[in-house]
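*Asks:* Take this structure, written in structure tokens, and hold onto it; I'll ask about it next.
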Amino acid sequence: QVQLAESGGGSVQAGGSLRLSCVASGATRSNYYMTWFRQVPGKEREGVGGILSSSGGTYYADSVKGRFTISRDNAKETVYLQMNRLMPEDTAMYYCALCMVPPLPDGSSWQKESTYKYWGQGTQVIVSS
């Protein structure tokens, strides 16, 4: 059974940085794809960035390219989301989500909630202006 646990959220001023972590217990012997989503009340979840555990290949949403970096440490079963130059519009609840590979998400499916079977509980990020 795969379990995901996020941490690292908090409050920061615009222009600052945060690093989110997601520990994926129970998935270490498998190839998986993990994506960070975010959600604000009243809106759908948005895929922010995803990574393949084996190769480290990534996808990013246009809204965060150049500011956010996703990485993984397979020995620690952990995926990170480094968020730099944060803006107030980055304020959201951030979730990590995981799916086993194959099948490998493509340039469209990586951002779809239905692609992922396992979800964390979320960690709140607040960016003040």
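Chain lettering (A, B, ...) mirrors the order of the structure tokens, residue numbering begins at 1 for each chain separately, and ligand numbering begins at 1 in order of display.
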Show which residues sit within 8 Å of A:Gln124, as a PyMOL selection string. Count only C-alpha atoms, and ignore same-chain residues fewer than 4 positions away.

*Replies:* chain A and resi 9-10+91-94

*Asks:* Tell me which protein, DNA and RNA residues are within 12 Å of A:Glu46, counting only C-alpha atoms, leaving out same-chain ones fewer than 2 positions away, and put them as a ChimeraX atom specification.

*Replies:* /A:35-41,43-44,48-50,60-64,90,92-97,110-113

*Asks:* In terms of the shortest atom-to-atom distance over only C-alpha atoms, which of A:Arg29, A:Arg72, A:Lys117, A:Arg67 is closest to A:Ser17?

*Replies:* A:Arg67

*Asks:* Can you measure atom CA of A:Gln3 to atom CA of A:Ser30 for me? One decimal in Å is fine.

*Replies:*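 That distance, rounded to one decimal, is 13.5 Å.
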
*Asks:* Smallest atom-to-atom distance to A:Val125: which of A:Ser11, A:Asn84, A:Gln1, A:Thr69, using only C-alpha atoms?

*Replies:*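 Using only C-alpha atoms, the shortest distance to A:Val125 belongs to A:Ser11.
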
*Asks:* Given only C-alpha atoms as the basis, pick out the residue of A:Gly57, A:Gly122, A:Pro103, A:Gly47 nearest to A:Ala5.

*Replies:* A:Gly122

*Asks:* Tell me, as a list in words, which residues lie within 8 Å of A:Thr78, counting only C-alpha atoms; anything in the same chain fewer than 4 positions away does not count.

*Replies:*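 Near A:Thr78, the qualifying residues are Ser21, Cys22, Val23, Ala24, Arg72, Asp73 and Asn74 of chain A.
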
*Asks:* Can you tell me, as a ChimeraX atom specification, what residues are no more than 7 Å from A:Gln82 when counting only C-alpha atoms, ignoring any on the same chain fewer than 5 positions away?

*Replies:* /A:18-20,68-70

*Asks:* Select, from A:Tyr80, A:Gly56, A:Gly8, A:Gln13, the residue with the minimum atom-to-atom distance to A:Ser128, counting only C-alpha atoms.

*Replies:*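 Checking each candidate against A:Ser128, we get A:Gln13 as the closest.
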
*Asks:* Smallest atom-to-atom distance to A:Val12: which of A:Leu86, A:Leu104, A:Leu98, A:Leu81, using only C-alpha atoms?

*Replies:*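 Among A:Leu86, A:Leu104, A:Leu98, A:Leu81, it is A:Leu86 that comes nearest to A:Val12.
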
*Asks:* Which residue out of A:Ala14, A:Ser54, A:Gly42, A:Pro105 has the minimum interatomic distance to A:Glu77 when only C-alpha atoms are used?

*Replies:*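 Among the listed residues, the smallest separation from A:Glu77 belongs to A:Ser54.
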
*Asks:* Can you check which residues of chain A DSSP gives as helix (DSSP H, G or I) on the backbone and send them as a list of chain:residue names?

*Replies:* A:Asn74, A:Ala75, A:Lys76, A:Pro88, A:Glu89, A:Asp90, A:Ser109, A:Trp110, A:Gln111, A:Glu113, A:Ser114, A:Thr115

*Asks:* How would the residues just chosen look if you wrote them out with all heavy atoms as an mmCIF file, in the first residue's frame?

*Replies:*
data_model
loop_
_atom_site.group_PDB
_atom_site.id
_atom_site.type_symbol
_atom_site.label_atom_id
_atom_site.label_comp_id
_atom_site.auth_asym_id
_atom_site.auth_seq_id
_atom_site.Cartn_x
_atom_site.Cartn_y
_atom_site.Cartn_z
ATOM 1 N N ASN A 74 15.515 8.898 -4.556
ATOM 2 C CA ASN A 74 14.907 7.578 -4.466
ATOM 3 C C ASN A 74 15.326 6.839 -3.188
ATOM 4 O O ASN A 74 14.549 6.062 -2.638
ATOM 5 C CB ASN A 74 15.251 6.749 -5.696
ATOM 6 C CG ASN A 74 14.553 7.255 -6.951
ATOM 7 O OD1 ASN A 74 13.522 7.920 -6.871
ATOM 8 N ND2 ASN A 74 15.123 6.968 -8.108
ATOM 9 N N ALA A 75 16.526 7.085 -2.715
ATOM 10 C CA ALA A 75 16.972 6.430 -1.480
ATOM 11 C C ALA A 75 16.124 6.854 -0.288
ATOM 12 O O ALA A 75 15.907 6.079 0.652
ATOM 13 C CB ALA A 75 18.436 6.744 -1.227
ATOM 14 N N LYS A 76 15.645 8.085 -0.327
ATOM 15 C CA LYS A 76 14.803 8.596 0.765
ATOM 16 C C LYS A 76 13.319 8.490 0.432
ATOM 17 O O LYS A 76 12.488 8.962 1.212
ATOM 18 C CB LYS A 76 15.164 10.054 1.065
ATOM 19 C CG LYS A 76 16.569 10.243 1.604
ATOM 20 C CD LYS A 76 16.827 11.702 1.941
ATOM 21 C CE LYS A 76 18.220 11.883 2.531
ATOM 22 N NZ LYS A 76 18.499 13.305 2.863
ATOM 23 N N PRO A 88 1.917 35.869 -4.933
ATOM 24 C CA PRO A 88 0.649 35.644 -4.219
ATOM 25 C C PRO A 88 -0.265 34.646 -4.930
ATOM 26 O O PRO A 88 -0.979 33.889 -4.263
ATOM 27 C CB PRO A 88 0.033 37.043 -4.179
ATOM 28 C CG PRO A 88 1.210 37.965 -4.160
ATOM 29 C CD PRO A 88 2.225 37.300 -5.059
ATOM 30 N N GLU A 89 -0.211 34.597 -6.246
ATOM 31 C CA GLU A 89 -1.075 33.650 -6.963
ATOM 32 C C GLU A 89 -0.616 32.210 -6.825
ATOM 33 O O GLU A 89 -1.295 31.295 -7.295
ATOM 34 C CB GLU A 89 -1.178 34.024 -8.444
ATOM 35 C CG GLU A 89 0.139 34.325 -9.126
ATOM 36 C CD GLU A 89 0.440 35.818 -9.145
ATOM 37 O OE1 GLU A 89 0.327 36.484 -8.083
ATOM 38 O OE2 GLU A 89 0.812 36.318 -10.223
ATOM 39 N N ASP A 90 0.515 31.979 -6.195
ATOM 40 C CA ASP A 90 0.952 30.617 -5.881
ATOM 41 C C ASP A 90 0.305 30.100 -4.591
ATOM 42 O O ASP A 90 0.469 28.925 -4.242
ATOM 43 C CB ASP A 90 2.471 30.549 -5.726
ATOM 44 C CG ASP A 90 3.214 30.846 -7.015
ATOM 45 O OD1 ASP A 90 2.783 30.357 -8.075
ATOM 46 O OD2 ASP A 90 4.215 31.585 -6.962
ATOM 47 N N SER A 109 -1.674 13.886 -20.048
ATOM 48 C CA SER A 109 -2.264 13.130 -18.937
ATOM 49 C C SER A 109 -1.588 13.392 -17.601
ATOM 50 O O SER A 109 -2.183 13.149 -16.557
ATOM 51 C CB SER A 109 -2.256 11.643 -19.238
ATOM 52 O OG SER A 109 -0.940 11.154 -19.377
ATOM 53 N N TRP A 110 -0.362 13.916 -17.607
ATOM 54 C CA TRP A 110 0.311 14.119 -16.323
ATOM 55 C C TRP A 110 -0.418 15.135 -15.455
ATOM 56 O O TRP A 110 -0.293 15.125 -14.248
ATOM 57 C CB TRP A 110 1.775 14.524 -16.525
ATOM 58 C CG TRP A 110 1.994 15.960 -16.906
ATOM 59 C CD1 TRP A 110 2.015 16.475 -18.171
ATOM 60 C CD2 TRP A 110 2.208 17.068 -16.027
ATOM 61 N NE1 TRP A 110 2.236 17.819 -18.125
ATOM 62 C CE2 TRP A 110 2.361 18.223 -16.835
ATOM 63 C CE3 TRP A 110 2.302 17.204 -14.644
ATOM 64 C CZ2 TRP A 110 2.597 19.487 -16.301
ATOM 65 C CZ3 TRP A 110 2.538 18.466 -14.102
ATOM 66 C CH2 TRP A 110 2.676 19.592 -14.931
ATOM 67 N N GLN A 111 -1.187 16.021 -16.073
ATOM 68 C CA GLN A 111 -1.899 17.050 -15.328
ATOM 69 C C GLN A 111 -3.340 16.671 -14.986
ATOM 70 O O GLN A 111 -4.051 17.479 -14.401
ATOM 71 C CB GLN A 111 -1.905 18.360 -16.118
ATOM 72 C CG GLN A 111 -0.550 19.043 -16.188
ATOM 73 C CD GLN A 111 -0.621 20.384 -16.889
ATOM 74 O OE1 GLN A 111 -0.957 20.473 -18.060
ATOM 75 N NE2 GLN A 111 -0.294 21.429 -16.167
ATOM 76 N N GLU A 113 -6.108 14.699 -12.855
ATOM 77 C CA GLU A 113 -6.265 14.046 -11.562
ATOM 78 C C GLU A 113 -6.548 12.556 -11.716
ATOM 79 O O GLU A 113 -6.098 11.747 -10.895
ATOM 80 C CB GLU A 113 -7.404 14.698 -10.783
ATOM 81 C CG GLU A 113 -7.135 16.117 -10.342
ATOM 82 C CD GLU A 113 -8.275 16.664 -9.516
ATOM 83 O OE1 GLU A 113 -8.589 16.074 -8.468
ATOM 84 O OE2 GLU A 113 -8.852 17.688 -9.921
ATOM 85 N N SER A 114 -7.282 12.180 -12.746
ATOM 86 C CA SER A 114 -7.682 10.787 -12.932
ATOM 87 C C SER A 114 -6.494 9.872 -13.223
ATOM 88 O O SER A 114 -6.609 8.653 -13.135
ATOM 89 C CB SER A 114 -8.706 10.682 -14.061
ATOM 90 O OG SER A 114 -8.175 11.188 -15.266
ATOM 91 N N THR A 115 -5.348 10.431 -13.566
ATOM 92 C CA THR A 115 -4.154 9.626 -13.836
ATOM 93 C C THR A 115 -3.597 9.004 -12.556
ATOM 94 O O THR A 115 -2.923 7.984 -12.608
ATOM 95 C CB THR A 115 -3.084 10.513 -14.502
ATOM 96 O OG1 THR A 115 -3.577 10.971 -15.767
ATOM 97 C CG2 THR A 115 -1.770 9.789 -14.709
#

*Asks:* Work out how far apart atom CA of A:Ile51 and atom CA of A:Tyr116 are and give it in Å to one decimal.

*Replies:*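 Rounded to one decimal, the two atoms are 12.9 Å apart.
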